[in-house]
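Single-structure report; data block below.
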Amino acid sequence: MPKITIDGKTIDLPAGATILQAAQALGIYIPRYCYHPALSVSGTCRMCAVEVDKAPKLQIACATEIADGMIARTDTAAVKKARKDVLEFLLANHPVDCPICDQAGECSLQDYYMDYGLHKSRVAPEDKIQRSKHRAAGRYLVLDNERCILCTRCVRFCDEVTKTNELTVSGRSDASFIDIREGKSLDNDYSLNIAELCPVGAFTSRDFRFKQRVWFLKRIKSVCTGCAAGCNIEVHYNENTVYRLMPSPNPETNTWLCDRGRMTYKALQAGDRLRKAFVKKGSMEIEPAIRHAAHLLDEAARKTGPESVVVLGSPYLSIEDNLALAELAATSLKTSNLCLDFPREQGVKDGILINKDDAPDANGLKLLKARYAGLDQGALIELINSGRIKLIVAEARALSSLKEKLRELSNIETVILAVTKSDLDFESACVLPYAANFETEGHFVNYKGLLQKTTPSVAAPDGVKPLWTVLSKLSSCTGAPIRLEDAAELRERISEFIK
Amino acid sequence: MMEKILLKTEAADIEAYIKAGGYQALRKALAMKSEDVTAEVKKSNLRGRGGAGFPTGLKWSFIPKANTKPRYLVCNADESEPGTFKDRELILKNPHLLIEGLAIASYAIGAKQCYIYIRGEFAKETGLLSDCVNEASKRGYLGNNILSSGFDLNIAVHRGAGAYICGEETALLESIEGKRGLPRLKPPFPAVVGLFGCPTVINNVETLASVPAIIEKGGDWYSKLGAGKSAGTKLFSVSGPVKKPGVYEIELGMPFKKFLEDYAGGMLEGSKLKAVIPGGSSVPVLTAAEALKMNLDYESVQQAGSMLGSGGIIILDDKACMVETLLVLAKFYHHESCGQCTPCREGGGWIEKLLRKLEAGKGKEGDIALIYSIAENMLARTLCPLGDALAMPVMSFITKFRPEFEAHAAGNGCGKREAGSGKSTQ
Ligand SMILES: Cc1cc2nc3c(=O)[nH]c(=O)nc-3n(C[C@H](O)[C@H](O)[C@H](O)COP(=O)(O)O)c2cc1C
Ligand code: SF4
Ligand code: SF4
Ligand code: FES
């Protein structure tokens with residue numbers, strides 16, 4: 001393997017590695033604009049120039065492959081000057097409207113200016129080129145051509161990752177600008193990655209625009225529950241509000257994040273978020289509603305026997321919540337009509353990330369099925385269609401997923417567990433809200449079998465509790481508690497599933 | 001006696017070309033082993049006439065032997081550099097010499113497909129070359145089983161769309177591939193990954209037209225023409241206030257002074273030589289004194305502080321305003337930058353704006369130093385040589401003709417033009 005020395009530190013790496021990669025491995029940071037580890041090398045911004053022994057001029061670290069015995073330096077006067085000069089060129093026609101730019105605080109133009117530039121502008125203001133400032137670019141993005149430094153990351157992303165080719169560079173020389181190809185709209189399923197890839201404030205997210213200064217944001221790692229991919233995310237939040245989701249790259253799961261995934265946090269803030277329970281008569285405080293649900297359960301068991309009650313698990317719920325559902329059936333209701341069988345078609349749908357299965361935890365549910373068995377789905381449907389069932393307890397989307405196969409639900413009562421009204425598909429005797437994924441911890445097993453955990457970042461609305469707490473309370477009211485009141489109990493009980 | 005190779009016969013007509021001994025070198029080459037053809041060209045010390053002066057035989061030998069992909073020869077006929085107009089002359093006067101050169105070079109490198117990438121504005125030349133390719137094919141000098149040798153070659157004439165940058169060899173390849181003409185990062189070099197990802201040799205028109213004589217008379221013979229490491233003859237296109245502007249073929253090494261007097265006919269009456277841009281507009285300018293000491297060969301021009309480049313000699317006289325002249329160049333390079341890389345994209349326009357103000361008498365104190373510094377910051381920092389092609393003229397103009405720039409900065413103009421009017425006062 002070729003051995004290279006950078007700033008006096010030596011490393012050997014497989015042939016084909018670049019100086020930039022070698023520097024990275026040595027912990028030496030080389031500033032860059034056009035380089036992005038997940039995209040092809042374009043070598044055009046010239047920010048990464050370094051000195052290489054025997055080379056007559058500076059070499060760009062992102063495109064120069066290492067050779068055995070190579071000696072490179074990133075800390076010389078020539079390198080520092082080159083960085084400063086590139087910055088001056090990039091800022092020559094830049095509007096420097098940082099005070100109104102969303103990228104401020106996480107902009108490499110700003111950051112590198114502080115680190116390497118700090119020059120006084122030598123451009124007469126009247127010489128600056130003015131360009132289009134806010135061009136709508138698809139559902140989620142806005143393009144400010146004036147702030148663009150033409151690194152072409154955005155173009156390469158659409159060419160190489162989504163392969164949808166919406167973007168191009170139009171014009172040439174300093175009249176070059178990022179353009180949306182004729183007849184196209186920047187609406188691929190991953191478009192929001194562009195706002196993040198863009199090193200400056202040229203592409204920004206409409207959703208995030210003007211909402212929050214990034215330096216106020218707190219960050220916490222979690223997992224997206226938008227589908228079975230189990231992408232790792234970073235939740236950016238402040239003062240009990242989530243502002244955006246970013247990918248937290250993990251070679252096992254994801255580099256990017258899909259737009260739908262990025263928008264999953266919107267359910268928290270949606271107008272139809274359930275903050276109260278619902279019964280037939282209308283909205284009701286949660287605690288009395290839980291008692292009302294317990295009453296419905298009791299009544300059904302008393303009148304028609306425990307076997308007239310069905311409890312469904314859900315591929316949309318965490319292992320914790322499904323455990324609580326299984327326990328509710330087994331311990332409290334003592335019905336054998338528990339169904340944890342939700343076979344789902346899984347696999348990457350588009351060659352990138354999005355999974356055919358939009359539920360995050362079908363595989364976690366299987367772990368519980370191995371322990372609790374229960375009805376398989378065919379038997380469940382037959383049972384429900386037979387008319388012998390009087391009451392169903394289910395999470396909203398799990399029940400909806402069976403809708404096509406179920407005949408006449410109108411004479412069956414339901415106790416439905418839901419986060420937003422839009423998840424509801426049925427008239428229900430009682431709807432109980434619970435805390436969403438950003439508000440509570442939960443374990444999920446992705447399509448590859450990877451067990452991962454979401455981390456809470458914000459608190460649920462007043463009185464809204466994690467589902468396992470809700471179900472625990474419900475069970476207590478029935479007189480046979482499942483004892484999942486507190487986190488410590490829960491942790492112990494799920495430990496057998498999350499080994 | 002000055003040897004003439006390129007403009008010896010002037011026969012666009014194939015009959016006349018054949019009668020004058022044309023296509024015999026091809027016959028001879030096809031009877032040789034292809035490696036021997038390359039060896040002969042190496043021996044000749046022929047250097048690329050497109051500007052960089054890279055040894056031609058050596059370039060051919062970079063085609064990897066083990067690579068089984070198709071190979072391509074590309075002839076660079078994009079000639080768009082201000083001051084350079086020799087390839088057009090060669091194509092018009094001696095198209096079959098070029099075609100014969102293409103056939104020999106293709107045989108040497110094992111290419112069965114050759115492209116001539118011709119400047120978009122050369123409509124007439126495109127038509128002529130296409131006709132000549134057809135005629136040569138009809139007579140068995142191109143096409144399948146050429147002269148019963150078993151060697152096949154097809155030549156396509158591809159017309160550019162008017163961008164100077166497409167003369168840069170890798171932008172040219174992109175353009176043939178149907179993409180935007182953006183220079184590629186090197187390495188990989190075209191000899192390894194070239195047109196359509198295959199090994200490719202790119203040579204200038206004049207370079208390739210020099211090949212038949214080398215095969216006919218031998219590399220040794222050719223290497224003795226010219227001066228030292230600058231072997232052979234070369235076309236020089238001379239423009240400006242001289243009596244006989246035009247294209248002349250001379251052996252390399254001729255004193256510039258002699259060339260100016262004997263070929264270009266000397267300066268126009270009333271004109272005094274002030275400066276020379278010896279190798280097309282991209283190279284550093286020389287003062288009259290510097291130019292008059294140099295010979296027209298690669299080494300001597302370099303010693304004088306410039307480059308032989310494409311051999312496009314631009315003569316400037318005492319009536320020329322150096323600020324205005326530099327502004328013209330800056331406009332060109334600003335306009336023609338592909339815009340890919342930061343220093344060239346941003347530097348060209350900035351320099352042009354400052355020069356425009358300076359030229360109009362609206363410059364500010366410090367502008368000259370600023371223009372110089374911008375050029376310096378572009379130099380050797382760009383992806384392709386176009387950035388340098390602006391930086392070098394800017395730096396040399398300012399260094400060598402500073403008083404003229406200072407007079408403009410002081411608002412005095414140069415007395416040669418009405419400031420900012422674009423009109424000469426004389
Ligand atoms: C901006 C730019 C424009 C160029 N234009 C031409 C051209 O019009 N014709 C040409 O032969 N070479 C041109 N070149 C040089 C080519 O890149 C290349 O070096 C040349 O065609 C190689 O041929 P040679 O080895 O026979 O000289 C240009 C280079 C640059 C950087
Ligand atoms: S919009 Fe952003 S990502 Fe795209 S080229 Fe401009 S700076 Fe780069
Ligand atoms: S130097 Fe100029 S022409 Fe060459 S790649 Fe860079 S921007 Fe394009
Ligand atoms: S990061 Fe290397 S040239 Fe842009």
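Identifiers for the structure tokens are assigned positionally: chains receive A, B, ... in sequence, residues are indexed from 1 per chain, and ligands are indexed from 1 in the order shown.
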message = Give me, as a PyMOL selection string, the residues of chain A touching chain B, with the criterion being at most 6 Å (counting only C-alpha atoms).
response = chain A and resi 44-45+89+172-174
Save out the residues we just selected, C-alpha atoms, as a short mmCIF file (atom, residue, chain, number, x, y, z; two decimals), in the first residue's frame.
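Writing done, so here's selection.cif:
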```
data_model
loop_
_atom_site.label_atom_id
_atom_site.label_comp_id
_atom_site.auth_asym_id
_atom_site.auth_seq_id
_atom_site.Cartn_x
_atom_site.Cartn_y
_atom_site.Cartn_z
CA THR A 44 -13.62 22.58 -9.58
CA CYS A 45 -13.85 24.73 -6.46
CA PHE A 89 -13.10 34.73 -5.69
CA ARG A 172 -21.04 29.89 -18.76
CA SER A 173 -18.21 31.86 -17.23
CA ASP A 174 -19.49 34.11 -14.44
#
```
Let me have all residues with an atom within 7 Å of ligand 4, counting only C-alpha atoms and all ligand atoms, laid out as an mmCIF file with N, CA and C atoms, in the first residue's frame.
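The file below, result10.cif, is the result:
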```
data_model
loop_
_atom_site.group_PDB
_atom_site.id
_atom_site.type_symbol
_atom_site.label_atom_id
_atom_site.label_comp_id
_atom_site.auth_asym_id
_atom_site.auth_seq_id
_atom_site.Cartn_x
_atom_site.Cartn_y
_atom_site.Cartn_z
ATOM 1 N N ARG A 32 -13.087 22.174 1.813
ATOM 2 C CA ARG A 32 -13.581 21.742 0.509
ATOM 3 C C ARG A 32 -14.971 22.318 0.267
ATOM 4 N N TYR A 33 -15.297 22.504 -0.993
ATOM 5 C CA TYR A 33 -16.663 22.871 -1.363
ATOM 6 C C TYR A 33 -17.278 21.834 -2.295
ATOM 7 N N CYS A 34 -16.581 21.556 -3.379
ATOM 8 C CA CYS A 34 -17.214 20.671 -4.360
ATOM 9 C C CYS A 34 -17.131 19.205 -3.949
ATOM 10 N N TYR A 35 -16.127 18.861 -3.169
ATOM 11 C CA TYR A 35 -15.977 17.462 -2.757
ATOM 12 C C TYR A 35 -17.103 17.054 -1.817
ATOM 13 N N SER A 42 -15.439 16.437 -8.588
ATOM 14 C CA SER A 42 -15.486 17.384 -9.709
ATOM 15 C C SER A 42 -14.225 18.245 -9.776
ATOM 16 N N GLY A 43 -13.593 18.472 -8.647
ATOM 17 C CA GLY A 43 -12.296 19.175 -8.663
ATOM 18 C C GLY A 43 -12.357 20.591 -9.186
ATOM 19 N N THR A 44 -13.472 21.276 -8.960
ATOM 20 C CA THR A 44 -13.624 22.584 -9.580
ATOM 21 C C THR A 44 -13.543 23.764 -8.621
ATOM 22 N N CYS A 45 -13.831 23.558 -7.336
ATOM 23 C CA CYS A 45 -13.850 24.731 -6.456
ATOM 24 C C CYS A 45 -12.444 25.213 -6.147
ATOM 25 N N ARG A 46 -11.475 24.326 -6.151
ATOM 26 C CA ARG A 46 -10.049 24.605 -5.936
ATOM 27 C C ARG A 46 -9.729 24.983 -4.496
ATOM 28 N N MET A 47 -10.634 24.701 -3.581
ATOM 29 C CA MET A 47 -10.424 25.077 -2.183
ATOM 30 C C MET A 47 -9.449 24.142 -1.488
ATOM 31 N N CYS A 48 -9.333 22.918 -1.993
ATOM 32 C CA CYS A 48 -8.600 21.892 -1.261
ATOM 33 C C CYS A 48 -7.132 21.811 -1.667
ATOM 34 N N ALA A 49 -6.627 22.849 -2.334
ATOM 35 C CA ALA A 49 -5.255 22.801 -2.844
ATOM 36 C C ALA A 49 -4.241 22.568 -1.725
ATOM 37 N N ILE A 60 -4.842 19.696 -6.184
ATOM 38 C CA ILE A 60 -6.096 19.616 -5.427
ATOM 39 C C ILE A 60 -6.180 18.259 -4.734
ATOM 40 N N ALA A 61 -6.367 18.324 -3.423
ATOM 41 C CA ALA A 61 -6.309 17.115 -2.595
ATOM 42 C C ALA A 61 -7.446 16.153 -2.905
ATOM 43 N N CYS A 62 -8.594 16.669 -3.366
ATOM 44 C CA CYS A 62 -9.748 15.795 -3.565
ATOM 45 C C CYS A 62 -9.580 14.894 -4.773
ATOM 46 N N ALA A 63 -8.706 15.301 -5.702
ATOM 47 C CA ALA A 63 -8.589 14.527 -6.949
ATOM 48 C C ALA A 63 -7.204 13.919 -7.121
#
```
query = Using only C-alpha atoms and all ligand atoms, which protein or nucleic acid residues are at most 9 Å from ligand 1, as a PyMOL selection string?
reply = chain B and resi 47-56+59+74-81+84+87+118-119+164-172+183+201-208+282+309-310+333+336-337+384-389
key: Expected answer as a list in words: residues within 6 Å of ligand 2, only C-alpha atoms and all ligand atoms   = Cys148, Ile149, Leu150, Cys151, Thr152, Arg153, Cys154, Leu197, Cys198, Pro199, Val200, Ala202 and Phe203 of chain A
request  = Give the helix (DSSP H, G or I) residues of segment 153-375 of chain B, as assigned by DSSP on the backbone, as a ChimeraX atom specification.
outcome  = /B:164-167,169-176,195-197,205-209,211-217,219-224,256-263,288-293,298-303,322-336,342-359,367-375
Selection near Ser422 of chain A, 7 Å with only C-alpha atoms, sequence-local residues under 2 positions removed, as a short mmCIF file (atom, residue, chain, number, x, y, z; two decimals) with C-alpha atoms, in the first residue's frame:
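What landed in out-v3.cif:
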```cif
data_model
loop_
_atom_site.label_atom_id
_atom_site.label_comp_id
_atom_site.auth_asym_id
_atom_site.auth_seq_id
_atom_site.Cartn_x
_atom_site.Cartn_y
_atom_site.Cartn_z
CA ASP A 272 -55.18 17.15 13.53
CA THR A 420 -53.35 12.10 14.51
CA LEU A 424 -58.22 7.28 11.68
#
```
query = So which residues touch Ser40 of chain A within 8 Å, counting only C-alpha atoms, skipping near sequence neighbours fewer than 4 positions away, as a list in words?
reply =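 So, after excluding close chain neighbours, the residues are Tyr35, His36, Arg156 and Glu160 of chain A.
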key: DSSP strand (DSSP E) residues within segment 284-467 of chain A, listed as an NGL selection string   = :A and (284 or 309-312 or 338-339 or 391-395 or 413-418 or 430-433 or 442-445 or 451-454)
Based on the selection just made, write N, CA and C atoms of those residues as a compact mmCIF listing (two decimals), in the first residue's frame.
```
# COMPACT_ATOMS: atom_id res chain seq x y z
N MET A 284 -63.09 14.01 24.80
CA MET A 284 -63.15 13.70 26.23
C MET A 284 -61.72 13.75 26.77
N VAL A 309 -63.34 -10.51 22.23
CA VAL A 309 -62.48 -9.33 22.14
C VAL A 309 -61.21 -9.72 21.37
N VAL A 310 -60.80 -8.82 20.45
CA VAL A 310 -59.58 -9.05 19.67
C VAL A 310 -58.60 -7.91 19.94
N VAL A 311 -57.32 -8.27 20.10
CA VAL A 311 -56.29 -7.23 20.23
C VAL A 311 -55.29 -7.40 19.08
N LEU A 312 -55.02 -6.30 18.39
CA LEU A 312 -54.04 -6.36 17.29
C LEU A 312 -52.72 -5.72 17.68
N LEU A 338 -55.32 -12.68 20.05
CA LEU A 338 -54.28 -11.67 19.84
C LEU A 338 -53.69 -11.93 18.46
N CYS A 339 -53.56 -10.88 17.66
CA CYS A 339 -52.93 -11.11 16.35
C CYS A 339 -51.68 -10.25 16.22
N LEU A 391 -65.53 -6.58 20.01
CA LEU A 391 -64.68 -5.42 20.29
C LEU A 391 -63.26 -5.66 19.78
N ILE A 392 -62.72 -4.63 19.13
CA ILE A 392 -61.32 -4.71 18.67
C ILE A 392 -60.52 -3.60 19.32
N VAL A 393 -59.33 -3.97 19.85
CA VAL A 393 -58.40 -2.95 20.33
C VAL A 393 -57.24 -2.93 19.33
N ALA A 394 -57.00 -1.76 18.71
CA ALA A 394 -55.96 -1.74 17.68
C ALA A 394 -55.38 -0.35 17.49
N GLU A 395 -54.15 -0.34 17.01
CA GLU A 395 -53.53 0.92 16.57
C GLU A 395 -54.15 1.25 15.22
N GLU A 413 -67.48 -2.88 18.04
CA GLU A 413 -66.95 -1.69 18.70
C GLU A 413 -65.42 -1.69 18.56
N THR A 414 -64.82 -0.49 18.52
CA THR A 414 -63.36 -0.46 18.47
C THR A 414 -62.81 0.52 19.50
N VAL A 415 -61.66 0.14 20.04
CA VAL A 415 -60.87 1.08 20.84
C VAL A 415 -59.62 1.31 20.02
N ILE A 416 -59.48 2.54 19.52
CA ILE A 416 -58.39 2.79 18.58
C ILE A 416 -57.35 3.71 19.19
N LEU A 417 -56.11 3.36 18.91
CA LEU A 417 -54.97 4.10 19.44
C LEU A 417 -54.36 4.87 18.29
N ALA A 418 -54.24 6.19 18.44
CA ALA A 418 -53.79 6.98 17.28
C ALA A 418 -53.06 8.24 17.72
N CYS A 430 -64.08 4.58 20.91
CA CYS A 430 -63.14 5.29 21.76
C CYS A 430 -61.78 5.41 21.09
N VAL A 431 -61.31 6.63 20.95
CA VAL A 431 -59.99 6.84 20.37
C VAL A 431 -59.07 7.38 21.46
N LEU A 432 -57.96 6.68 21.71
CA LEU A 432 -57.03 7.14 22.73
C LEU A 432 -55.75 7.63 22.08
N PRO A 433 -55.34 8.85 22.38
CA PRO A 433 -54.10 9.37 21.79
C PRO A 433 -52.89 8.89 22.60
N GLY A 442 -38.31 4.16 21.86
CA GLY A 442 -38.92 2.92 21.39
C GLY A 442 -37.94 2.14 20.54
N HIS A 443 -38.07 0.82 20.59
CA HIS A 443 -37.19 -0.02 19.78
C HIS A 443 -37.89 -0.49 18.51
N PHE A 444 -37.12 -0.51 17.43
CA PHE A 444 -37.65 -0.91 16.12
C PHE A 444 -36.63 -1.81 15.43
N VAL A 445 -37.12 -2.75 14.65
CA VAL A 445 -36.20 -3.62 13.91
C VAL A 445 -36.42 -3.37 12.42
N LEU A 451 -31.72 -3.88 15.00
CA LEU A 451 -32.49 -3.35 16.13
C LEU A 451 -31.99 -1.96 16.47
N GLN A 452 -32.88 -0.98 16.48
CA GLN A 452 -32.48 0.39 16.76
C GLN A 452 -33.51 1.04 17.66
N LYS A 453 -33.11 2.21 18.19
CA LYS A 453 -33.96 2.83 19.20
C LYS A 453 -34.17 4.31 18.89
N THR A 454 -35.38 4.77 19.02
CA THR A 454 -35.64 6.20 18.88
C THR A 454 -35.39 6.88 20.22
```
Using only C-alpha atoms, determine which residues lie at most 9 Å from Leu327 of chain B, disregarding the query and same-chain residues fewer than 6 positions distant; provide the list as a PDB file with N, CA, C and O atoms, in the first residue's frame.
```
ATOM      1  N   ILE B 351     -11.484  41.135 -13.620  1.00  0.00           N
ATOM      2  CA  ILE B 351     -10.390  41.837 -14.307  1.00  0.00           C
ATOM      3  C   ILE B 351     -10.954  42.701 -15.430  1.00  0.00           C
ATOM      4  O   ILE B 351     -10.591  43.859 -15.593  1.00  0.00           O
ATOM      5  N   GLU B 352     -11.896  42.132 -16.177  1.00  0.00           N
ATOM      6  CA  GLU B 352     -12.452  42.909 -17.286  1.00  0.00           C
ATOM      7  C   GLU B 352     -13.122  44.197 -16.783  1.00  0.00           C
ATOM      8  O   GLU B 352     -12.926  45.272 -17.354  1.00  0.00           O
ATOM      9  N   LYS B 353     -13.880  44.074 -15.710  1.00  0.00           N
ATOM     10  CA  LYS B 353     -14.574  45.268 -15.198  1.00  0.00           C
ATOM     11  C   LYS B 353     -13.573  46.337 -14.769  1.00  0.00           C
ATOM     12  O   LYS B 353     -13.771  47.528 -15.024  1.00  0.00           O
ATOM     13  N   LEU B 355     -10.482  46.714 -15.821  1.00  0.00           N
ATOM     14  CA  LEU B 355      -9.788  47.248 -16.992  1.00  0.00           C
ATOM     15  C   LEU B 355     -10.673  48.225 -17.752  1.00  0.00           C
ATOM     16  O   LEU B 355     -10.226  49.244 -18.266  1.00  0.00           O
ATOM     17  N   ARG B 356     -11.933  47.897 -17.805  1.00  0.00           N
ATOM     18  CA  ARG B 356     -12.892  48.760 -18.507  1.00  0.00           C
ATOM     19  C   ARG B 356     -12.917  50.141 -17.863  1.00  0.00           C
ATOM     20  O   ARG B 356     -12.891  51.164 -18.544  1.00  0.00           O
ATOM     21  N   GLU B 359      -9.587  51.903 -18.488  1.00  0.00           N
ATOM     22  CA  GLU B 359      -9.474  52.336 -19.873  1.00  0.00           C
ATOM     23  C   GLU B 359     -10.339  53.576 -20.109  1.00  0.00           C
ATOM     24  O   GLU B 359     -10.004  54.442 -20.890  1.00  0.00           O
TER      25      GLU B 359
END
```
Atom-to-atom span, atom CA of Gly218 of chain B and atom CA of His96 of chain B, Å =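 Pair atom CA of Gly218 of chain B / atom CA of His96 of chain B returns 19.7 Å.
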request  = For each of B:Ala123, B:Val301, B:Ile398, B:Ala163, take the minimum atom-to-atom distance to ligand 3, counting only C-alpha atoms and all ligand atoms, then give the residue where this is smallest.
outcome  =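 Ranked by minimum distance to ligand 3, first place goes to B:Ala163.
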task = Give the answer as one residue: which of A:Cys227, A:Ala270, A:Ile290, A:Leu245 has the shortest atom-to-atom distance to Lys356 of chain A, using only C-alpha atoms?
result =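 For Lys356 of chain A, the nearest of the given residues is A:Cys227.
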Point-to-point distance in Å for atom CA of Lys3 of chain A and atom CA of Ile63 of chain B =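 We find that atom CA of Ile63 of chain B and atom CA of Lys3 of chain A lie 28.0 Å from each other.
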query = Please, what distance in Å, to one decimal, runs between atom CA of Lys54 of chain A and atom CA of Arg73 of chain A?
reply =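 The value is 11.8 Å.
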message = Would you pick out the contacts of segment 401-410 of chain B at 10 Å or less, using only C-alpha atoms, so that residues sharing its chain but fewer than 4 positions from it are not included, and give the list as a PyMOL selection string?
response = chain B and resi 275+285-287+321-324+355+357-368+396-397+414-415+419
Polymer residues at most 10 Å from Gly16 of chain A, only C-alpha atoms, same-chain spacing of 5 or more positions, as a PDB file with N, CA, C and O atoms, in the first residue's frame:
```pdb
ATOM      1  N   MET A   1       0.844  -1.208   0.000  1.00  0.00           N
ATOM      2  CA  MET A   1       0.000   0.000   0.000  1.00  0.00           C
ATOM      3  C   MET A   1       0.875   1.252   0.000  1.00  0.00           C
ATOM      4  O   MET A   1       1.843   1.324   0.729  1.00  0.00           O
ATOM      5  N   PRO A   2       0.513   2.252  -0.829  1.00  0.00           N
ATOM      6  CA  PRO A   2       1.322   3.469  -0.872  1.00  0.00           C
ATOM      7  C   PRO A   2       1.322   4.199   0.477  1.00  0.00           C
ATOM      8  O   PRO A   2       0.293   4.249   1.165  1.00  0.00           O
ATOM      9  N   GLN A  21      -8.526  12.095   1.354  1.00  0.00           N
ATOM     10  CA  GLN A  21      -8.926  10.961   2.193  1.00  0.00           C
ATOM     11  C   GLN A  21      -7.826  10.599   3.185  1.00  0.00           C
ATOM     12  O   GLN A  21      -8.097  10.283   4.347  1.00  0.00           O
ATOM     13  N   ALA A  63      -8.706  15.301  -5.702  1.00  0.00           N
ATOM     14  CA  ALA A  63      -8.589  14.527  -6.949  1.00  0.00           C
ATOM     15  C   ALA A  63      -7.204  13.919  -7.121  1.00  0.00           C
ATOM     16  O   ALA A  63      -6.991  13.166  -8.061  1.00  0.00           O
ATOM     17  N   THR A  64      -6.276  14.249  -6.243  1.00  0.00           N
ATOM     18  CA  THR A  64      -4.922  13.738  -6.432  1.00  0.00           C
ATOM     19  C   THR A  64      -4.748  12.439  -5.653  1.00  0.00           C
ATOM     20  O   THR A  64      -4.890  12.415  -4.435  1.00  0.00           O
ATOM     21  N   GLU A  65      -4.455  11.378  -6.388  1.00  0.00           N
ATOM     22  CA  GLU A  65      -4.281  10.087  -5.720  1.00  0.00           C
ATOM     23  C   GLU A  65      -2.922  10.044  -5.040  1.00  0.00           C
ATOM     24  O   GLU A  65      -1.951  10.603  -5.525  1.00  0.00           O
ATOM     25  N   ILE A  66      -2.880   9.348  -3.940  1.00  0.00           N
ATOM     26  CA  ILE A  66      -1.618   9.243  -3.221  1.00  0.00           C
ATOM     27  C   ILE A  66      -0.682   8.297  -3.975  1.00  0.00           C
ATOM     28  O   ILE A  66      -1.121   7.422  -4.713  1.00  0.00           O
ATOM     29  N   ALA A  67       0.616   8.528  -3.790  1.00  0.00           N
ATOM     30  CA  ALA A  67       1.620   7.649  -4.393  1.00  0.00           C
ATOM     31  C   ALA A  67       2.632   7.343  -3.306  1.00  0.00           C
ATOM     32  O   ALA A  67       2.779   8.114  -2.348  1.00  0.00           O
TER      33      ALA A  67
END
```
ask   = Closest to Val133 of chain B among B:Leu30, B:Ala304, B:Leu292, B:Leu153, using only C-alpha atoms?
value =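 The closest residue to Val133 of chain B is B:Leu153.
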inquiry  = Using only C-alpha atoms and all ligand atoms for the distances, tell me which of A:Ile100, A:Ala175, A:Leu26, A:Ala277 is nearest to ligand 3.
reply    = A:Ala175
